[in-house]
Every structure is written in C-alpha cells, then in structure tokens.
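Source file: input39.csv; contents: CSV, C-alpha atoms.
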chain,number,residue,atom,x,y,z
Z,1,MET,CA,-3.5,-23.2,3.6
Z,2,PRO,CA,-2.9,-20.2,5.9
Z,3,SER,CA,-4.9,-20.6,9.1
Z,4,ASN,CA,-7.0,-17.8,10.6
Z,5,SER,CA,-4.4,-17.1,13.2
Z,6,ILE,CA,-2.4,-13.9,12.7
Z,7,ILE,CA,0.8,-15.9,13.6
Z,8,SER,CA,0.3,-19.4,12.3
Z,9,GLY,CA,1.8,-22.1,14.4
Z,10,LYS,CA,3.1,-23.6,11.1
Z,11,LEU,CA,5.4,-20.6,10.5
Z,12,ALA,CA,6.0,-19.5,14.1
Z,13,GLY,CA,9.7,-20.3,13.8
Z,14,GLU,CA,10.2,-18.2,10.7
Z,15,GLU,CA,12.2,-15.0,10.6
Z,16,LEU,CA,10.4,-12.1,12.3
Z,17,CYS,CA,10.2,-10.1,9.1
Z,18,ILE,CA,8.7,-13.1,7.2
Z,19,ARG,CA,6.0,-13.6,9.8
Z,20,PHE,CA,5.3,-9.9,9.5
Z,21,VAL,CA,4.9,-10.1,5.7
Z,22,ASN,CA,2.7,-13.1,6.2
Z,23,THR,CA,0.1,-11.0,8.1
Z,24,VAL,CA,-1.3,-10.7,4.5
Z,25,ALA,CA,-2.6,-14.1,3.2
Z,26,TRP,CA,-3.5,-15.2,-0.3
Z,27,ARG,CA,-0.9,-13.0,-1.8
Z,28,LEU,CA,-1.2,-14.6,-5.3
Z,29,ARG,CA,-4.9,-14.1,-5.7
Z,30,ASP,CA,-7.3,-11.2,-5.8
Z,31,PRO,CA,-8.3,-10.0,-3.3
Z,32,VAL,CA,-5.6,-10.6,-0.8
Z,33,GLU,CA,-6.5,-11.1,2.9
Z,34,ASP,CA,-5.0,-8.5,5.3
Z,35,ARG,CA,-5.1,-10.1,8.7
Z,36,ALA,CA,-3.7,-7.0,10.4
Z,37,ALA,CA,-5.9,-4.4,8.8
Z,38,SER,CA,-6.6,-2.3,11.8
Z,39,PRO,CA,-4.3,-0.5,14.3
Z,40,GLU,CA,-5.5,-2.6,17.1
Z,41,VAL,CA,-5.0,-5.9,15.3
Z,42,MET,CA,-1.5,-4.8,14.2
Z,43,LEU,CA,-0.8,-4.0,17.8
Z,44,LYS,CA,-1.9,-7.4,18.9
Z,45,TRP,CA,0.4,-9.0,16.3
Z,46,LEU,CA,3.3,-7.1,17.8
Z,47,VAL,CA,2.4,-8.4,21.3
Z,48,ASP,CA,2.0,-12.0,19.9
Z,49,ALA,CA,5.4,-11.6,18.2
Z,50,ASP,CA,6.9,-10.7,21.6
Z,51,LEU,CA,7.9,-7.2,20.6
Z,52,MET,CA,6.0,-5.6,23.4
Z,53,ASP,CA,4.1,-6.5,26.6
Z,54,ARG,CA,0.4,-6.3,27.1
Z,55,PRO,CA,0.5,-3.3,29.6
Z,56,THR,CA,2.3,-1.3,27.0
Z,57,ALA,CA,-0.2,-2.2,24.3
Z,58,LEU,CA,-3.0,-1.2,26.6
Z,59,LYS,CA,-1.4,2.2,27.2
Z,60,ILE,CA,-1.0,2.7,23.4
Z,61,LYS,CA,-4.6,1.7,22.8
Z,62,ALA,CA,-5.7,4.2,25.4
Z,63,ASP,CA,-3.7,6.9,23.8
Z,64,TRP,CA,-5.2,6.1,20.4
Z,65,LYS,CA,-8.7,6.7,21.7
Z,66,ARG,CA,-7.7,10.3,22.3
Z,67,LEU,CA,-5.6,10.5,19.1
Z,68,PRO,CA,-7.2,8.4,16.4
Z,69,ARG,CA,-5.0,10.0,13.7
Z,70,ALA,CA,-1.9,8.6,15.5
Z,71,ALA,CA,-3.4,5.1,15.2
Z,72,ARG,CA,-4.1,5.5,11.5
Z,73,SER,CA,-0.6,6.9,11.0
Z,74,PHE,CA,0.9,3.9,12.8
Z,75,LEU,CA,-1.0,1.4,10.7
Z,76,GLN,CA,-0.1,3.2,7.5
Z,77,ASP,CA,3.6,3.1,8.4
Z,78,ALA,CA,3.4,-0.5,9.4
Z,79,ALA,CA,1.7,-1.5,6.2
Z,80,ARG,CA,4.1,0.4,4.0
Z,81,LEU,CA,7.1,-1.3,5.8
Z,82,ARG,CA,5.4,-4.7,5.4
Z,83,GLU,CA,4.8,-4.2,1.7
Z,84,ALA,CA,8.4,-2.8,1.2
Z,85,ILE,CA,9.8,-5.9,2.8
Z,86,TYR,CA,7.6,-8.1,0.7
Z,87,ALA,CA,8.7,-6.4,-2.5
Z,88,LEU,CA,12.4,-6.7,-1.5
Z,89,CYS,CA,12.0,-10.4,-0.8
Z,90,LEU,CA,10.2,-11.0,-4.1
Z,91,ALA,CA,13.1,-9.2,-5.9
Z,92,ARG,CA,15.6,-11.4,-4.1
Z,93,ILE,CA,13.6,-14.6,-5.1
Z,94,ALA,CA,13.4,-13.5,-8.7
Z,95,GLY,CA,17.1,-12.4,-8.8
Z,96,ARG,CA,16.2,-8.9,-10.0
Z,97,LYS,CA,17.0,-5.4,-8.9
Z,98,ALA,CA,14.9,-4.2,-6.0
Z,99,ASP,CA,12.4,-1.4,-6.2
Z,100,PRO,CA,14.2,1.8,-5.1
Z,101,ALA,CA,11.0,3.0,-3.3
Z,102,ALA,CA,10.8,-0.2,-1.2
Z,103,ASN,CA,14.5,0.1,-0.4
Z,104,GLU,CA,14.0,3.7,0.7
Z,105,ILE,CA,11.2,2.8,3.0
Z,106,LEU,CA,13.3,0.1,4.7
Z,107,ASN,CA,16.3,2.4,5.0
Z,108,ALA,CA,14.1,5.1,6.6
Z,109,HIS,CA,13.1,2.6,9.4
Z,110,LEU,CA,16.7,1.5,9.8
Z,111,SER,CA,18.0,5.0,10.2
Z,112,GLY,CA,15.3,6.7,12.1
Z,113,ALA,CA,15.3,7.4,15.9
Z,114,SER,CA,14.5,4.6,18.2
Z,115,LYS,CA,14.2,6.5,21.5
Z,116,GLY,CA,13.0,4.4,24.4
Z,117,PHE,CA,13.3,1.1,22.6
Z,118,GLY,CA,15.9,-1.6,23.2
Z,119,LEU,CA,16.8,-5.0,24.5
Z,120,ALA,CA,15.8,-6.1,28.0
Z,121,GLN,CA,16.5,-9.3,30.0
Z,122,SER,CA,13.4,-11.5,30.4
Z,123,HIS,CA,14.1,-14.6,32.4
Z,124,LYS,CA,16.9,-16.3,30.4
Z,125,ALA,CA,16.3,-14.5,27.1
Z,126,MET,CA,16.7,-11.1,25.7
Z,127,LYS,CA,13.6,-9.4,24.3
Z,128,TRP,CA,12.7,-6.1,22.7
Z,129,ARG,CA,10.9,-3.7,25.0
Z,130,LEU,CA,9.8,-0.1,25.1
Z,131,ARG,CA,10.8,1.7,28.3
Z,132,PRO,CA,7.8,2.9,30.5
Z,133,GLY,CA,7.1,6.5,29.8
Z,134,ASP,CA,8.6,6.3,26.3
Z,135,VAL,CA,5.6,4.7,24.5
Z,136,ASP,CA,6.2,5.3,20.8
Z,137,PRO,CA,4.4,2.7,18.6
Z,138,GLN,CA,6.5,3.7,15.6
Z,139,ALA,CA,9.6,2.4,17.4
Z,140,LEU,CA,8.1,-1.0,17.5
Z,141,LEU,CA,8.6,-1.3,13.7
Z,142,LYS,CA,12.4,-1.1,14.2
Z,143,PRO,CA,13.0,-4.8,14.9
Z,144,LEU,CA,11.0,-5.7,11.8
Z,145,ALA,CA,13.2,-3.5,9.6
Z,146,TRP,CA,16.3,-4.8,11.3
Z,147,SER,CA,15.1,-8.4,10.8
Z,148,ALA,CA,14.5,-7.8,7.1
Z,149,ALA,CA,17.9,-6.1,6.7
Z,150,ALA,CA,19.7,-9.0,8.4
Z,151,LEU,CA,17.8,-11.6,6.3
Z,152,LEU,CA,18.3,-9.8,2.9
Z,153,THR,CA,22.0,-9.3,3.5
Z,154,GLY,CA,22.8,-12.6,5.1
Z,155,PRO,CA,23.3,-16.2,3.9
Z,156,ARG,CA,19.7,-17.1,4.2
Z,157,ALA,CA,18.6,-14.6,1.6
Z,158,GLN,CA,19.0,-17.1,-1.2
Z,159,LYS,CA,16.7,-19.5,0.7
Z,160,VAL,CA,13.7,-17.1,0.7
Z,161,ARG,CA,10.8,-18.7,-1.2
Z,162,GLN,CA,7.1,-18.0,-1.9
Z,163,CYS,CA,4.4,-20.7,-1.5
Z,164,GLN,CA,3.3,-22.0,-4.9
Z,165,ASP,CA,0.0,-23.4,-3.8
Z,166,GLU,CA,-2.3,-23.2,-6.8
Z,167,ARG,CA,-5.1,-21.5,-4.8
Z,168,GLY,CA,-2.8,-18.4,-4.4
Z,169,CYS,CA,-1.4,-18.8,-0.8
Z,170,GLY,CA,1.7,-16.8,-1.6
Z,171,TRP,CA,3.2,-16.8,1.9
Z,172,LEU,CA,6.9,-16.4,2.2
Z,173,PHE,CA,9.2,-18.9,4.0
Z,174,ILE,CA,12.8,-19.9,4.4
Z,175,ASP,CA,13.6,-23.1,2.5
Z,176,GLU,CA,15.8,-25.2,4.8
Z,177,SER,CA,15.4,-28.4,2.9
Z,178,ARG,CA,18.5,-30.3,1.8
Z,179,ALA,CA,17.6,-30.2,-1.8
Z,180,GLN,CA,16.4,-26.6,-1.7
Z,181,ASN,CA,13.3,-27.5,-3.7
Z,182,ARG,CA,10.5,-26.8,-1.2
Z,183,ARG,CA,7.4,-25.4,-2.9
Z,184,TRP,CA,5.0,-24.8,-0.1
Z,185,CYS,CA,4.8,-22.8,3.1
Z,186,SER,CA,3.8,-25.8,5.1
Z,187,MET,CA,3.8,-29.5,4.1
Z,188,GLY,CA,1.0,-30.0,6.6
Z,189,ASP,CA,-1.3,-27.5,4.9
Z,190,CYS,CA,-0.6,-26.4,1.3
Z,191,GLY,CA,1.7,-29.3,0.6
Z,192,ASN,CA,-0.7,-32.0,1.6
Z,193,LEU,CA,-3.6,-30.3,-0.1
Z,194,ALA,CA,-1.6,-30.0,-3.3
Z,195,LYS,CA,-0.7,-33.7,-3.2
Z,196,SER,CA,-4.3,-34.6,-2.5
Z,197,ARG,CA,-5.5,-32.6,-5.5
Z,198,ARG,CA,-2.9,-34.3,-7.8
Z,199,HIS,CA,-4.0,-37.7,-6.5
Z,200,HIS,CA,-7.7,-37.0,-7.2
Z,201,ARG,CA,-6.8,-35.7,-10.7
Z,202,ARG,CA,-4.9,-38.8,-11.5
Z,203,VAL,CA,-7.8,-41.0,-10.2
Z,204,ALA,CA,-10.3,-39.0,-12.2
Z,205,HIS,CA,-8.3,-39.4,-15.4
Z,206,SER,CA,-7.2,-43.0,-15.0
Z,207,PRO,CA,-8.9,-45.7,-17.2
Z,208,GLN,CA,-11.8,-47.4,-15.5

Represent the structure from my file as structure tokens, please.
Amino acid sequence: MPSNSIISGKLAGEELCIRFVNTVAWRLRDPVEDRAASPEVMLKWLVDADLMDRPTALKIKADWKRLPRAARSFLQDAARLREAIYALCLARIAGRKADPAANEILNAHLSGASKGFGLAQSHKAMKWRLRPGDVDPQALLKPLAWSAAALLTGPRAQKVRQCQDERGCGWLFIDESRAQNRRWCSMGDCGNLAKSRRHHRRVAHSPQ
C-alpha cells in the first residue's frame, strides 16, 4: 500500500521517472490520489528527489508569490509530463503503440532549452543543479524527461510493471526478479496484504 510520503522509502531506488509518476497513488481506482497537487508540493518533491537544493526552492517560492500564474503554469507542465510518461509506460507494458500526444509532450521536454541547468559535483557524486541567477523551474523537468527516455529506450523497458494490488494501487515499478513475475510494487506493503487477504479467504471458506 503506498505510504503517505511523496517519495516512499519502498520505491526510493526506482528510476527517477518512475518515482515521478508515482506521485499519483491509487492509479487503478477512482478517484486517484495526487500527492503533488500544488506547485509547492511538487517543488518539495523535486528537492526530495535531489534535483535542486533548498535555497533554490525558496527563491522559486518567493518568485511565485509575486507571479502566481507562473506557479500554476509550472504545475500544469509537470502534471502533463508526468501523465505522458505514465501513458508511455502503460503502452510499453501492454505492448501497444504509444499515444502520439504523450510522445509529443515528452519530446517537447527533451528538445526544449535547458538554460542554467546541468550537472554539478557534490562531494563524490554528480547532481543536477540550477545555476544561481538562472532559476527556471521548467528546466527542473528536464531530468525527468531524460530519465523516461532512457528507460523507455533501454533494456529495462521490458521490465516496467504496474502493481496489481486489488485495492487499486497501480504504482509502477521495475521488475528485477529472476522469474520476471513480480506483481506488486512492494512485497512489504501490497504483496503482504494480498497474501494476507488470500489466507483469510481460504480460512473463511475452509470446512469447519
């Protein structure tokens, strides 16, 4: 079962684009649960995903107080990209042709300008960073698009799965199991609950 955290510890090691898609929970039921439904929460997700530092986020939030339309535009673009990636992943899972509109959205983010955004050294690792003075929140969506493109065109594309928990979890994950038959986003959450429900049903229907 997806936790209340925007980035669940259960899926923290997943591909960046998968974690991004999973900011919407309960994909297979109505209504779904958008856990990044405001510009500020989406911005926090980007900080937690290590795509930007907190001082930059604070600068963006301060700008949004003066320009609320810019905040709404950012959230709209982020949500469109997220749903495009989701649609493309579902098409890959189902083995069908992808929606051209979703493909167009992803390509737009792949080809657009990325002024002020690039890799920077942080201790012993490389991280994405906006340069001071070049604060453009839209550029923060670039690594998400690049992550999706790398996944969908790489060898792990055939391992993308959707959680089949009967309550409607619907989170995406990469199936690294040897048998390639994993059904749940997390064995510790949805998997254990599914097994528990099956056990209770067997007990309830067994002869007394």

Contacts of region 150-160 of chain Z at 12 Å (all atoms listed in the file; same-chain gap of 5+ positions) as number ranges by chain: Z: 14-18, 85-95, 98, 103, 106, 110, 143-145, 171-185

Selected residue of minimal separation from Ser111 (chain Z) among Z:Met126, Z:Ala139, Z:Leu67, Z:Ala84, counting all atoms listed in the file: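 Of the candidates, the smallest distance to Ser111 (chain Z) is held by Z:Ala139.
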
Residues near Thr23 (chain Z), cut-off 9 Å, only C-alpha atoms, skip fewer than 4 positions along chain, as JSON, numbers by chain: {"Z": [6, 7, 18, 19, 33, 34, 35, 36, 37, 42, 45, 82]}

Shell of 12 Å around Pro31 (chain Z), all atoms listed in the file, local chain residues under 4 positions omitted, as a list of chain:residue names: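 Listing them by chain and then by number gives Z:Val24, Z:Ala25, Z:Trp26, Z:Arg27, Z:Gly168, Z:Cys169.
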
Length of the CA of Ile105 (chain Z) to CA of Gln162 (chain Z) vector [Å]: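 Here the two named atoms are 21.8 Å from each other.
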
Residue nearest Asp165 (chain Z) among Z:Leu28, Z:Ala125, Z:Ala101, Z:Leu141 (counting only C-alpha atoms): Z:Leu28

Minimum-distance residue to Arg80 (chain Z), chosen among Z:Glu104, Z:Asp48, Z:Glu166, Z:Asp63 (using all atoms listed in the file): Z:Glu104

Atom-to-atom span, CA of Pro55 (chain Z) and CA of Ala148 (chain Z), Å: 26.9 Å

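Across the structure, CA of Pro137 (chain Z) and CA of Ala108 (chain Z) are spaced 15.6 Å apart.
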
Proximity to Lys127 (chain Z) - best of Z:Val21, Z:Leu51, Z:Leu81, Z:Leu46, all atoms listed in the file: Z:Leu51

Please provide the set of residues having any atom within 12 Å of Ser122 (chain Z), restricted to all atoms listed in the file, with same-chain residues fewer than 6 positions apart removed, written as a compact mmCIF listing (two decimals) with C-alpha atoms, keeping the file's coordinate frame.
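Result file result_20.txt:
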# COMPACT_ATOMS: atom_id res chain seq x y z
CA ASP Z 50 6.90 -10.70 21.60
CA MET Z 52 6.00 -5.60 23.40
CA ASP Z 53 4.10 -6.50 26.60
CA TRP Z 128 12.70 -6.10 22.70
CA ARG Z 129 10.90 -3.70 25.00

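The closest residue to Asp136 (chain Z), picked from Z:Val47, Z:Ile60, Z:Ala102, Z:Ala149 and counting all atoms listed in the file, is Z:Ile60.
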